[in-house]
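Novice: Below is work-v1.pdb; it holds PDB, C-alpha atoms and all ligand atoms.
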```pdb
ATOM      1  CA  MET A   1     111.368 -31.041-125.109  1.00  0.00           C
ATOM      2  CA  PRO A   2     114.381 -29.656-126.975  1.00  0.00           C
ATOM      3  CA  GLU A   3     117.649 -30.956-125.579  1.00  0.00           C
ATOM      4  CA  LYS A   4     119.865 -28.278-126.942  1.00  0.00           C
ATOM      5  CA  MET A   5     120.440 -24.779-125.554  1.00  0.00           C
ATOM      6  CA  ASN A   6     121.187 -22.406-128.412  1.00  0.00           C
ATOM      7  CA  LYS A   7     123.745 -19.859-127.243  1.00  0.00           C
ATOM      8  CA  ILE A   8     124.270 -16.568-129.030  1.00  0.00           C
ATOM      9  CA  SER A   9     126.285 -13.425-128.390  1.00  0.00           C
ATOM     10  CA  SER A  10     124.791 -11.354-131.194  1.00  0.00           C
ATOM     11  CA  PHE A  11     121.278 -10.669-132.388  1.00  0.00           C
ATOM     12  CA  PHE A  12     122.582 -11.138-135.938  1.00  0.00           C
ATOM     13  CA  ASP A  13     122.494 -14.884-135.162  1.00  0.00           C
ATOM     14  CA  ILE A  14     118.707 -15.016-134.747  1.00  0.00           C
ATOM     15  CA  PRO A  15     117.066 -16.482-137.866  1.00  0.00           C
ATOM     16  CA  ILE A  16     113.870 -14.629-138.764  1.00  0.00           C
ATOM     17  CA  GLU A  17     111.083 -16.056-140.912  1.00  0.00           C
ATOM     18  CA  GLU A  18     107.873 -14.457-142.114  1.00  0.00           C
ATOM     19  CA  SER A  19     105.546 -13.725-139.182  1.00  0.00           C
ATOM     20  CA  THR A  20     107.977 -14.171-136.296  1.00  0.00           C
ATOM     21  CA  LEU A  21     107.340 -12.980-132.754  1.00  0.00           C
ATOM     22  CA  VAL A  22     110.457 -12.341-130.677  1.00  0.00           C
ATOM     23  CA  ILE A  23     110.042 -12.291-126.888  1.00  0.00           C
ATOM     24  CA  CYS A  24     113.185 -10.648-125.540  1.00  0.00           C
ATOM     25  CA  ASP A  25     114.620 -10.157-122.049  1.00  0.00           C
ATOM     26  CA  ILE A  26     116.139  -6.774-121.133  1.00  0.00           C
ATOM     27  CA  ASP A  27     118.843  -6.988-118.413  1.00  0.00           C
ATOM     28  CA  GLU A  28     122.076  -8.706-119.468  1.00  0.00           C
ATOM     29  CA  THR A  29     120.433  -9.315-122.839  1.00  0.00           C
ATOM     30  CA  VAL A  30     119.874  -5.983-124.629  1.00  0.00           C
ATOM     31  CA  LEU A  31     121.562  -3.846-121.957  1.00  0.00           C
ATOM     32  CA  TYR A  32     123.734  -4.127-118.876  1.00  0.00           C
ATOM     33  CA  THR A  33     124.870  -1.900-116.037  1.00  0.00           C
ATOM     34  CA  PRO A  34     128.597  -2.506-115.373  1.00  0.00           C
ATOM     35  CA  LEU A  35     128.545  -1.351-111.753  1.00  0.00           C
ATOM     36  CA  TYR A  36     126.040  -3.926-110.627  1.00  0.00           C
ATOM     37  CA  LYS A  37     126.599  -6.698-113.112  1.00  0.00           C
ATOM     38  CA  GLY A  38     125.619  -9.965-111.484  1.00  0.00           C
ATOM     39  CA  LYS A  39     125.009  -8.372-108.106  1.00  0.00           C
ATOM     40  CA  LEU A  40     121.771  -6.466-108.246  1.00  0.00           C
ATOM     41  CA  SER A  41     118.389  -8.088-108.616  1.00  0.00           C
ATOM     42  CA  GLU A  42     117.055  -7.424-112.060  1.00  0.00           C
ATOM     43  CA  TYR A  43     113.867  -5.868-110.803  1.00  0.00           C
ATOM     44  CA  THR A  44     115.366  -3.185-108.558  1.00  0.00           C
ATOM     45  CA  PRO A  45     117.345  -0.970-110.912  1.00  0.00           C
ATOM     46  CA  SER A  46     118.535   2.362-109.611  1.00  0.00           C
ATOM     47  CA  LEU A  47     118.385   5.667-111.445  1.00  0.00           C
ATOM     48  CA  HIS A  48     122.107   6.033-110.813  1.00  0.00           C
ATOM     49  CA  ASP A  49     123.036   3.041-112.945  1.00  0.00           C
ATOM     50  CA  ILE A  50     123.998   3.983-116.471  1.00  0.00           C
ATOM     51  CA  PRO A  51     123.035   1.180-118.830  1.00  0.00           C
ATOM     52  CA  HIS A  52     125.132   0.139-121.804  1.00  0.00           C
ATOM     53  CA  PRO A  53     124.013  -1.744-124.902  1.00  0.00           C
ATOM     54  CA  THR A  54     125.171  -5.333-125.420  1.00  0.00           C
ATOM     55  CA  ASP A  55     124.813  -5.435-129.224  1.00  0.00           C
ATOM     56  CA  ILE A  56     122.890  -2.416-130.485  1.00  0.00           C
ATOM     57  CA  GLU A  57     123.778  -2.968-134.164  1.00  0.00           C
ATOM     58  CA  GLY A  58     122.544  -6.546-134.026  1.00  0.00           C
ATOM     59  CA  PHE A  59     119.425  -5.528-132.161  1.00  0.00           C
ATOM     60  CA  GLN A  60     118.522  -2.825-134.664  1.00  0.00           C
ATOM     61  CA  HIS A  61     119.152  -5.246-137.523  1.00  0.00           C
ATOM     62  CA  LEU A  62     116.830  -7.753-135.852  1.00  0.00           C
ATOM     63  CA  VAL A  63     114.054  -5.169-135.447  1.00  0.00           C
ATOM     64  CA  ALA A  64     114.403  -3.989-139.065  1.00  0.00           C
ATOM     65  CA  ASN A  65     114.357  -7.592-140.274  1.00  0.00           C
ATOM     66  CA  LEU A  66     111.193  -8.277-138.259  1.00  0.00           C
ATOM     67  CA  ARG A  67     109.511  -5.187-139.693  1.00  0.00           C
ATOM     68  CA  GLU A  68     110.166  -6.430-143.233  1.00  0.00           C
ATOM     69  CA  LYS A  69     108.765  -9.852-142.417  1.00  0.00           C
ATOM     70  CA  ASN A  70     105.587  -8.833-140.578  1.00  0.00           C
ATOM     71  CA  GLY A  71     107.112  -9.758-137.269  1.00  0.00           C
ATOM     72  CA  GLU A  72     107.195  -8.088-133.904  1.00  0.00           C
ATOM     73  CA  LEU A  73     109.476  -7.847-130.889  1.00  0.00           C
ATOM     74  CA  ILE A  74     108.153  -7.530-127.353  1.00  0.00           C
ATOM     75  CA  PHE A  75     110.139  -7.268-124.131  1.00  0.00           C
ATOM     76  CA  LEU A  76     109.603  -9.585-121.174  1.00  0.00           C
ATOM     77  CA  THR A  77     111.533  -8.600-118.058  1.00  0.00           C
ATOM     78  CA  ALA A  78     111.691  -9.784-114.448  1.00  0.00           C
ATOM     79  CA  ARG A  79     111.700  -6.135-113.397  1.00  0.00           C
ATOM     80  CA  GLY A  80     108.676  -4.823-111.571  1.00  0.00           C
ATOM     81  CA  ASN A  81     106.042  -2.863-113.453  1.00  0.00           C
ATOM     82  CA  LEU A  82     106.708   0.116-111.171  1.00  0.00           C
ATOM     83  CA  THR A  83     110.046   0.506-112.971  1.00  0.00           C
ATOM     84  CA  ASP A  84     108.286   1.245-116.273  1.00  0.00           C
ATOM     85  CA  ASP A  85     109.605   4.837-116.539  1.00  0.00           C
ATOM     86  CA  ILE A  86     113.158   3.789-115.611  1.00  0.00           C
ATOM     87  CA  THR A  87     113.004   0.823-117.967  1.00  0.00           C
ATOM     88  CA  ARG A  88     111.847   2.938-120.908  1.00  0.00           C
ATOM     89  CA  ASN A  89     114.536   5.469-120.107  1.00  0.00           C
ATOM     90  CA  ASP A  90     117.178   2.692-119.909  1.00  0.00           C
ATOM     91  CA  LEU A  91     116.173   1.413-123.330  1.00  0.00           C
ATOM     92  CA  ARG A  92     116.356   4.898-124.865  1.00  0.00           C
ATOM     93  CA  THR A  93     119.750   5.448-123.186  1.00  0.00           C
ATOM     94  CA  VAL A  94     121.226   2.452-125.029  1.00  0.00           C
ATOM     95  CA  GLY A  95     119.720   3.557-128.346  1.00  0.00           C
ATOM     96  CA  ILE A  96     116.538   1.500-128.434  1.00  0.00           C
ATOM     97  CA  ASP A  97     113.303   3.299-129.325  1.00  0.00           C
ATOM     98  CA  GLU A  98     110.943   1.434-127.018  1.00  0.00           C
ATOM     99  CA  ASN A  99     107.747   2.841-128.542  1.00  0.00           C
ATOM    100  CA  PRO A 100     107.174   0.085-131.123  1.00  0.00           C
ATOM    101  CA  HIS A 101     107.648  -2.620-128.494  1.00  0.00           C
ATOM    102  CA  LYS A 102     105.284  -3.743-125.778  1.00  0.00           C
ATOM    103  CA  ILE A 103     106.987  -4.281-122.419  1.00  0.00           C
ATOM    104  CA  PHE A 104     105.751  -6.974-120.016  1.00  0.00           C
ATOM    105  CA  TYR A 105     106.914  -7.217-116.391  1.00  0.00           C
ATOM    106  CA  THR A 106     106.890 -10.481-114.413  1.00  0.00           C
ATOM    107  CA  ASN A 107     107.722  -8.587-111.188  1.00  0.00           C
ATOM    108  CA  ASN A 108     109.948 -11.611-110.552  1.00  0.00           C
ATOM    109  CA  TRP A 109     106.851 -13.422-109.266  1.00  0.00           C
ATOM    110  CA  MET A 110     107.111 -16.397-111.589  1.00  0.00           C
ATOM    111  CA  SER A 111     109.255 -17.919-114.287  1.00  0.00           C
ATOM    112  CA  LYS A 112     108.943 -16.424-117.749  1.00  0.00           C
ATOM    113  CA  GLY A 113     107.539 -19.677-119.113  1.00  0.00           C
ATOM    114  CA  LYS A 114     104.788 -19.580-116.537  1.00  0.00           C
ATOM    115  CA  TYR A 115     104.220 -15.875-117.171  1.00  0.00           C
ATOM    116  CA  ILE A 116     103.797 -16.400-120.915  1.00  0.00           C
ATOM    117  CA  PHE A 117     101.430 -19.296-120.218  1.00  0.00           C
ATOM    118  CA  SER A 118      99.302 -17.777-117.472  1.00  0.00           C
ATOM    119  CA  GLU A 119      99.481 -14.007-118.077  1.00  0.00           C
ATOM    120  CA  LEU A 120     100.912 -12.900-121.397  1.00  0.00           C
ATOM    121  CA  GLN A 121      98.773 -14.985-123.708  1.00  0.00           C
ATOM    122  CA  ASN A 122      95.612 -13.742-122.008  1.00  0.00           C
ATOM    123  CA  GLU A 123      96.271 -10.163-123.002  1.00  0.00           C
ATOM    124  CA  TYR A 124      98.484 -10.712-126.006  1.00  0.00           C
ATOM    125  CA  PRO A 125      97.845 -13.307-128.713  1.00  0.00           C
ATOM    126  CA  ILE A 126     100.909 -15.470-129.211  1.00  0.00           C
ATOM    127  CA  ASN A 127      99.301 -18.248-131.226  1.00  0.00           C
ATOM    128  CA  LYS A 128      98.850 -16.196-134.389  1.00  0.00           C
ATOM    129  CA  TRP A 129     102.575 -16.258-135.169  1.00  0.00           C
ATOM    130  CA  ASN A 130     104.364 -18.668-137.488  1.00  0.00           C
ATOM    131  CA  ARG A 131     107.423 -18.796-135.316  1.00  0.00           C
ATOM    132  CA  ILE A 132     108.134 -17.623-131.776  1.00  0.00           C
ATOM    133  CA  ILE A 133     111.610 -16.882-130.462  1.00  0.00           C
ATOM    134  CA  PHE A 134     112.526 -16.351-126.819  1.00  0.00           C
ATOM    135  CA  ILE A 135     115.846 -14.723-125.866  1.00  0.00           C
ATOM    136  CA  ASP A 136     117.208 -14.472-122.295  1.00  0.00           C
ATOM    137  CA  ASP A 137     120.613 -14.546-120.603  1.00  0.00           C
ATOM    138  CA  LYS A 138     119.350 -17.055-118.020  1.00  0.00           C
ATOM    139  CA  GLU A 139     119.238 -20.709-119.037  1.00  0.00           C
ATOM    140  CA  ARG A 140     116.641 -21.453-116.395  1.00  0.00           C
ATOM    141  CA  GLU A 141     114.250 -18.947-117.992  1.00  0.00           C
ATOM    142  CA  VAL A 142     114.719 -20.565-121.406  1.00  0.00           C
ATOM    143  CA  LYS A 143     114.079 -23.970-119.795  1.00  0.00           C
ATOM    144  CA  SER A 144     110.941 -22.624-118.125  1.00  0.00           C
ATOM    145  CA  VAL A 145     109.665 -21.522-121.536  1.00  0.00           C
ATOM    146  CA  TYR A 146     110.357 -24.977-123.001  1.00  0.00           C
ATOM    147  CA  ASP A 147     108.416 -26.521-120.109  1.00  0.00           C
ATOM    148  CA  TYR A 148     105.264 -24.741-121.233  1.00  0.00           C
ATOM    149  CA  PHE A 149     105.937 -24.224-124.948  1.00  0.00           C
ATOM    150  CA  PRO A 150     108.251 -26.826-126.539  1.00  0.00           C
ATOM    151  CA  GLN A 151     107.480 -25.240-129.933  1.00  0.00           C
ATOM    152  CA  ILE A 152     109.156 -21.932-129.017  1.00  0.00           C
ATOM    153  CA  HIS A 153     112.749 -21.450-130.184  1.00  0.00           C
ATOM    154  CA  GLY A 154     114.844 -20.486-127.155  1.00  0.00           C
ATOM    155  CA  TYR A 155     118.175 -18.675-127.190  1.00  0.00           C
ATOM    156  CA  VAL A 156     120.535 -17.991-124.284  1.00  0.00           C
ATOM    157  CA  PHE A 157     122.218 -14.623-124.764  1.00  0.00           C
ATOM    158  CA  VAL A 158     125.847 -14.633-123.603  1.00  0.00           C
ATOM    159  CA  MET A 159     127.447 -11.190-123.358  1.00  0.00           C
ATOM    160  CA  GLU A 160     130.825 -10.737-124.990  1.00  0.00           C
ATOM    161  CA  ASN A 161     133.495  -8.071-124.498  1.00  0.00           C
ATOM    162  CA  THR A 162     131.778  -6.420-121.575  1.00  0.00           C
TER     163      THR A 162
HETATM  164 MG    MG A 201     118.252 -10.994-117.959  1.00  0.00          MG
END
```
Please express the file's structure as structure tokens.

Specialist:
Amino acid sequence: MPEKMNKISSFFDIPIEESTLVICDIDETVLYTPLYKGKLSEYTPSLHDIPHPTDIEGFQHLVANLREKNGELIFLTARGNLTDDITRNDLRTVGIDENPHKIFYTNNWMSKGKYIFSELQNEYPINKWNRIIFIDDKEREVKSVYDYFPQIHGYVFVMENT
């Protein structure tokens, strides 16, 4: 198991190789809602919260880089799947076109490592990729991914200037 927790504050710091899958968290990773930062459960967003991007330039660079290298980015959030409309709207609000990206919801029922192991890989092939990257603001989620998949490259996203 990897000992080291890679910490990043920009998506520019994610190294992309040919055929890379990026599994990316949403709340406090690609967007945040200032009013409820650190207070509200991730899976009960309200329509009244206005989300802000964390690093939209870096994110768009990452997506463009993946496109050039036959990669893909999917979202994996602890939000509930009933928030799908709100979640898609939140992503568009911060400047992310969600259409090219699949969105998976854990409903906060299990760790993301366990979700990838027991749910995601059943409906979405993750073994065909050369390199898999997991990005989340919560260290415990990155650890949970390492528990099931030591070969995945985990990154803890730390928000700056927010
Ligand atoms: Mg998060």

Novice: Nearest to A:Lys112 among A:Lys7, A:Lys138, A:Arg131, A:His153, with distances taken over only C-alpha atoms: which residue is it?

Specialist: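 Nearest to A:Lys112: A:Lys138.
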
Novice: For a quick check of understanding, using all atoms listed in the file, which of A:Ile56, A:Leu21, A:Ile96, A:Leu76 has the smallest distance to ligand MG 201 (chain A)?

Specialist: A:Leu76

Novice: Within 8 Å of ligand MG 201 (chain A), counting all atoms listed in the file, which protein or nucleic acid residues do you find, written as number ranges by chain?

Specialist: A: 25-29, 42, 77-78, 136-138

Novice: Rounded to one decimal, what separation in Å do you get between atom CA of A:Pro51 and atom CA of A:Phe75?

Specialist: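 We find that atom CA of A:Pro51 and atom CA of A:Phe75 lie 16.3 Å from each other.
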
Novice: Nearest to A:Gly95 among A:Glu119, A:Glu68, A:Glu57, A:Glu141, with distances taken over all atoms listed in the file: which residue is it?

Specialist: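 When distances to A:Gly95 are compared using all atoms listed in the file, the smallest one comes from A:Glu57.
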
Novice: For the file shown, report as a VMD selection string the outcome of the PyMOL selection byres (((chain A and resi 23) around 10) and not hetatm) at residue level.

Specialist: chain A and resid 20 to 22 24 to 25 72 to 77 102 to 104 116 126 132 to 136 152 154

Novice: Could you please determine the separation between atom CA of A:Glu139 and atom CA of A:Pro15 in Å, to one decimal place?

Specialist: 19.4 Å

Novice: Determine the nearest neighbour of A:Thr106 from the options A:His52, A:Lys4, A:Arg79, A:Arg67, counting all atoms listed in the file.

Specialist: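 Looking at the shortest contact to A:Thr106, the residue is A:Arg79.
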
Novice: Would you pick out the contacts of A:Asp97 at 12 Å or less, using all atoms listed in the file, so that residues sharing its chain but fewer than 2 positions from it are not included, and give the list as a PyMOL selection string?

Specialist: chain A and resi 56+59-60+63+73+87-95+99-102

Novice: List the neighbours of A:Glu160 out to 10 Å using all atoms listed in the file; skip same-chain residues closer than 2 positions along the sequence, and give me the result as a list of chain:residue names.

Specialist: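 Result of the neighbour search: A:Ile8, A:Ser9, A:Ser10, A:Thr54, A:Asp55, A:Phe157, A:Val158, A:Thr162.
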
Novice: Can you translate the PyMOL selection byres (((chain A and resi 69) around 7) and not hetatm) into the concrete residues it hits in this file, as a list of chain:residue names?

Specialist: A:Glu17, A:Glu18, A:Ser19, A:Asn65, A:Leu66, A:Arg67, A:Glu68, A:Asn70, A:Gly71

Novice: May I have the residues within 12 Å of A:Asp147 as a ChimeraX atom specification, using all atoms listed in the file and disregarding those fewer than 3 positions away in the same chain?

Specialist: /A:1-3,111-117,140-144,150-152,154

Novice: Quote the spacing between atom CA of A:Leu120 and atom CA of A:Tyr32 in Å to one decimal place.

Specialist: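 Spanning atom CA of A:Leu120 to atom CA of A:Tyr32 is a straight-line distance of 24.6 Å.
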
Novice: Report as a list of chain:residue names all protein, DNA and RNA residues lying within 7 Å of A:Phe11, evaluated on only C-alpha atoms, omitting residues in the same chain fewer than 3 positions from it.

Specialist: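 That gives A:Ile14, A:Gly58, A:Phe59, A:Leu62.
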
Novice: Those selected residues, please, written with C-alpha atoms and delivered as a JSON list (two decimals), in the coordinates of the input.

Specialist:
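Once written, again-v8.json looks like this:
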```json
[["chain", "number", "residue", "atom", "x", "y", "z"],
["A", 14, "ILE", "CA", 118.71, -15.02, -134.75],
["A", 58, "GLY", "CA", 122.54, -6.55, -134.03],
["A", 59, "PHE", "CA", 119.42, -5.53, -132.16],
["A", 62, "LEU", "CA", 116.83, -7.75, -135.85]]
```

Novice: Enclose stretch 135-138 of chain A, meaning all of its atoms listed in the file, in a box aligned along x, y and z, pad it by 3 Å on each side, and list the centre and edge lengths in Å to one decimal, as lines of an AutoDock Vina configuration file.

Specialist:
```
center_x = 118.2
center_y = -15.8
center_z = -121.9
size_x = 10.8
size_y = 8.6
size_z = 13.8
```

Novice: Could you check which of A:Met110, A:Pro34, A:Tyr105, A:Ile86 is closest to A:Val145, using all atoms listed in the file?

Specialist: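 Nearest to A:Val145: A:Met110.
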